Amino acid sequence: MAEQNEIKAEVKNLNFYYGNYHLLKDINLYFKKNSVCTLLGPSGCGKSTFLRTLNRMNDYTEGAKLTGEVLIDGKNIYKKSVDVVELRRNIGMVFQNPNPFPKSVFDNVAFGLKIHGIKNREFITERVEKCLKYAGLYDEVKDNLHKPAFSLSGGQQQRLCIARAIATNPSILLMDEPTAYLDPASASIILDLITTFKKYYTIIIVSHNIQQAGRISDYSGFFLDGELIEFDEAGNFFTRPKDKRTENFITSRY
Amino acid sequence: MFNLKYKDDLYKLILSVFVLSVISVFLIAVIVILFYSYPAIIRYGFSFLWVKAWNPPKEVFGALTFLIGTFTVTFLALLFAIPFSFGIGIFLQEYCPLFLRGIFTVIIEMMAGIPSVVFGVWGVLTIVPWLRQSVEPFFDRYFSGIPFLRVEENIGYGILAASIVVAFMILPIISSITKDSLASVPKIAKDGALAMGATRLDVIKDVSMPYALNGIYGGIILGFGRAVGETIAVVLLIGNQAVIPKSLFSVGYTISSLLANTFTFAVISPIYASAEVELALILLAVSLIINIVGRNILNKVIGGRFNRSRFGGG
C-alpha cells in the first residue's frame, strides 16, 4: 500500500474571485492517490466552486479570476501550456443532477471516447460495456443500449453519468453532491460504487451529507465562507475535530 | 349611481365584449371566405388543386401554378434563411461577447418589424440589379445546361429575387428562436460535456443543438408561415406571370401576389372572384395549420425540457 501515500493532487494558496467577491480564500490541501476525500460545508461555502477549479470548469465564467496553484501529478494545471481538453480527459466529473446527453445510453458512454478521436467501434463497444458494468448499470440496460438516456430512472441516469465519466479512463473523479437528488436506495448503490472505485481513482466528493461522508471518506475537509477550516484524515476529522466550527458542523449545528 | 360592487362586473362585461368582438370578426371572416369560395368549390371540386390553367375569360380556373409558385418561394426562402439563422443564433448565444449580444439582438428583432414593402423596394433596388448584372450572366455562361438553373430572360425579377428577399424577412424569426432555444438548454447539460473535455463546438453540436432542436423546428415553422403568406415584397419581385417556374430565374406568381394584383377587378365576375377567394381559403388554411403546429411545438418544448432535466426524467 505504499502507493496510497503518494500525493496525486495538491492545491497551493488558491484564491478565487468572481467580480468583487472573494469566493475562495487561500486554500491549501492535498489529495492522496486512491483515496476518497469529501469536502463538507454549508450551502454557499465555496466547496462546489473549489471542486470546479480542479478541472478548470470556471474557465468560461466571465468575471472569474484565480491565483495560486493546482498541481496534478506535480504539474500546475493553470499554466498556459496546459491543454484543457487533455486535462479533463484525465479528470472525470459527476454532477449534482443526473445530466445525460440527449442521446442513447450507449452514445452517452461513448461520447468521451468519440470526442477524443477514438473511432474503433469494437474498442468503443467493449469499453462502453465495461464502464456500464463498473457503474453497476449493465444488467439493467443491456437490452436497451440504444434507448434514449432520458428513459432511465433518476438513479440509473446518475450511474450512467458515472459510467460516462470513467469511460475515458481518468485518474481522478470529481463528484459534486452525486447523491443529492436520489432516493436512499439509489444513493446507497452509488456510495458503494465510490468505495470500490478508489482502487482505480483518486476521488474527491463535495457533500453536505455528514453521515454519507463519514461512511466513505479517507480524508475530509470543512469549508466555511470560502475558507478551508479544517482538513484531516477522516478518523480524526469525524471523531476529534480540532476546530470548534468543524465540530459544530458535524454535530449539525449549522 | 352604480353600486361599487357592480363596477367590477361592468368592467368585466366591457372587456369581454372587446374580446368577443375580435373573435367574432375572425369567425365572420372565415365564414365570408367560405361563403364566397363555395361556388368555385362546387364547380371545380378537387380538380382546382391540380389544374394549371388560369383563364378568367373562359372561366377555367386551376390553382396549381400559384401553389407551385408559393411553395417554391417558401421552400427556397427557408433553404437560404435556415443556415444563416442557425449561424446567427449560435453566434449570439454561444460566442458573442455579452456587451454586443444585446445590441445585435435588438437589431435582429428590429429587422422583424420592418414593413414588408420596404424589403420589397430594397429588393427591387439592390437584389434585382445584382441578379441581372452579375448572377444571371454567370449562370447563363456556366450552368445553362442544368435544367433548374437555366436563365430564360435576363431580367433579374423572378423566383430567386423573391426568395432571397423573403429569406431576409424570415431570418430574424428563425435566428431569434434559435438563440432563445439555445439559451434554454440547461447549463448542467453543457457542463457535463465540457467536463469530459469537449470543445465548445462539440458541446453545441452534440448537446445544445439536439436539446434545442424542437424549439428550432417551431421557429422554422413560424418562418414558413410568414413566407407562405408574404405578399407585397413578392408582388414587387416575382415578375407576376401565371407560369409554372422552370428554373430559379423564371418569373412566377404566388397566391398572395395574384390576389394583390387582380382581386380588385376579379370581383366583376362572380365565378372569377369565387376562384380567387378559394385561393385565399387555401392560404388561410395552410398558414393557420402551420402556425398552430409551430406554436404547439414551441410550448411543448419549454414545458417538457425543464421537467426532464430538473428531475432526471425518472
# chains A, B, ... in the order shown; residues from 1 in each chain; ligands from 1
>>> select_by_dssp(residues="stretch 34-210 of chain B", states="alpha helix (DSSP H)", output="VMD selection string")
chain B and resid 34 to 44 64 to 90 98 to 112 116 to 122 128 to 130 136 to 142 159 to 183 187 to 195 200 to 203 209 to 210
>>> closest_atom_pairs(of="chain A", to="chain B", cutoff="10 Å", atoms="only C-alpha atoms", output="CSV")
residue,atom,partner,partner_atom,distance
A:Arg52,CA,B:Ala195,CA,9.3
A:Asn55,CA,B:Ala195,CA,7.4
A:Arg56,CA,B:Ala195,CA,8.7
A:Met57,CA,B:Ala195,CA,6.8
A:Tyr60,CA,B:Arg200,CA,10.0
A:Glu62,CA,B:Leu98,CA,9.3
A:Asp83,CA,B:Gly197,CA,9.6
A:Val84,CA,B:Gly197,CA,7.0
A:Val85,CA,B:Gly197,CA,4.2
A:Glu86,CA,B:Gly197,CA,6.7
A:Leu87,CA,B:Gly197,CA,7.5
A:Arg88,CA,B:Gly197,CA,4.8
A:Arg89,CA,B:Gly197,CA,5.5
A:Asn90,CA,B:Met196,CA,8.7
A:Ile91,CA,B:Met196,CA,7.8
A:Gly92,CA,B:Met196,CA,6.6
A:Met93,CA,B:Ala195,CA,6.1
A:Val94,CA,B:Gly192,CA,7.7
A:Phe95,CA,B:Gly192,CA,7.5
A:Gln96,CA,B:Ile188,CA,8.9
A:Asn97,CA,B:Gly312,CA,7.1
A:Pro98,CA,B:Gly312,CA,5.9
A:Asn99,CA,B:Ala189,CA,5.3
A:Pro100,CA,B:Ala189,CA,7.0
A:Phe101,CA,B:Val207,CA,6.1
A:Pro102,CA,B:Tyr211,CA,6.5
A:Lys103,CA,B:Pro210,CA,8.4
A:Asn108,CA,B:Ala193,CA,9.9
A:Phe111,CA,B:Met196,CA,8.4
A:Gly112,CA,B:Met196,CA,5.9
A:Leu113,CA,B:Met196,CA,9.3
A:Lys114,CA,B:Ala198,CA,9.8
A:Ile115,CA,B:Ala198,CA,6.4
A:His116,CA,B:Gly197,CA,8.0
A:Ala149,CA,B:Gly313,CA,9.2
A:Phe150,CA,B:Gly313,CA,5.8
A:Ser151,CA,B:Gly313,CA,6.8
A:Leu152,CA,B:Gly314,CA,6.3
A:Ser153,CA,B:Gly314,CA,3.9
A:Gly154,CA,B:Gly314,CA,4.7
A:Gly155,CA,B:Gly314,CA,8.0
A:Gln156,CA,B:Gly314,CA,8.7
A:Gln157,CA,B:Gly312,CA,7.0
A:Gln158,CA,B:Gly312,CA,8.5
A:Cys161,CA,B:Gly192,CA,8.6
A:Arg164,CA,B:Met196,CA,8.6
A:Ala165,CA,B:Met196,CA,7.0
A:Ile166,CA,B:Met196,CA,9.6
A:Ala167,CA,B:Met196,CA,9.6
A:Thr168,CA,B:Met196,CA,8.2
A:Pro170,CA,B:Met196,CA,9.8
A:Leu174,CA,B:Ala195,CA,9.9
A:Tyr181,CA,B:Phe311,CA,8.1
A:Leu182,CA,B:Gly312,CA,9.5
>>> select_by_dssp(residues="stretch 23-141 of chain A", states="strand (DSSP E)", output="count of residues only")
30
>>> residues_around(residues="stretch 21-35 of chain A", least_positions_apart="5", cutoff="6 Å", atoms="only C-alpha atoms", output="count of residues only")
19
>>> residues_around(residues="B:Ala161", least_positions_apart="6", cutoff="12 Å", atoms="only C-alpha atoms", output="ChimeraX atom specification")
/B:73,76-77,80,119-132,135-136,155,167-168,233-239,248-252
>>> atom_distance(atom1="atom CA of A:Ile189", atom2="atom CA of A:Lys133")
13.2 Å
>>> residues_around(residues="A:Ser207", least_positions_apart="2", cutoff="7 Å", atoms="only C-alpha atoms", output="ChimeraX atom specification")
/A:38-40,176-177,205,209,213
>>> write_last_selection(atoms="N, CA and C atoms", output="PDB file, in the first residue's frame")
ATOM      1  N   THR A  38     -13.762  13.784   1.073  1.00  0.00           N
ATOM      2  CA  THR A  38     -15.025  14.523   0.981  1.00  0.00           C
ATOM      3  C   THR A  38     -14.819  15.952   1.457  1.00  0.00           C
ATOM      4  N   LEU A  39     -15.440  16.867   0.749  1.00  0.00           N
ATOM      5  CA  LEU A  39     -15.394  18.270   1.124  1.00  0.00           C
ATOM      6  C   LEU A  39     -16.779  18.648   1.623  1.00  0.00           C
ATOM      7  N   LEU A  40     -16.831  19.035   2.900  1.00  0.00           N
ATOM      8  CA  LEU A  40     -18.107  19.333   3.535  1.00  0.00           C
ATOM      9  C   LEU A  40     -18.259  20.820   3.755  1.00  0.00           C
ATOM     10  N   ASP A 176     -19.831  16.176  -7.516  1.00  0.00           N
ATOM     11  CA  ASP A 176     -20.459  17.313  -6.847  1.00  0.00           C
ATOM     12  C   ASP A 176     -21.814  16.878  -6.288  1.00  0.00           C
ATOM     13  N   GLU A 177     -21.852  16.522  -5.028  1.00  0.00           N
ATOM     14  CA  GLU A 177     -23.066  16.005  -4.391  1.00  0.00           C
ATOM     15  C   GLU A 177     -23.802  14.989  -5.278  1.00  0.00           C
ATOM     16  N   ILE A 205     -15.096  14.316  -3.436  1.00  0.00           N
ATOM     17  CA  ILE A 205     -16.548  14.457  -3.430  1.00  0.00           C
ATOM     18  C   ILE A 205     -16.965  15.670  -2.614  1.00  0.00           C
ATOM     19  N   ASN A 209     -23.908  15.943   3.195  1.00  0.00           N
ATOM     20  CA  ASN A 209     -24.499  14.882   3.986  1.00  0.00           C
ATOM     21  C   ASN A 209     -23.411  14.238   4.845  1.00  0.00           C
ATOM     22  N   ALA A 213     -20.758  11.090   4.139  1.00  0.00           N
ATOM     23  CA  ALA A 213     -19.332  11.406   4.069  1.00  0.00           C
ATOM     24  C   ALA A 213     -18.546  10.545   5.050  1.00  0.00           C
TER      25      ALA A 213
END
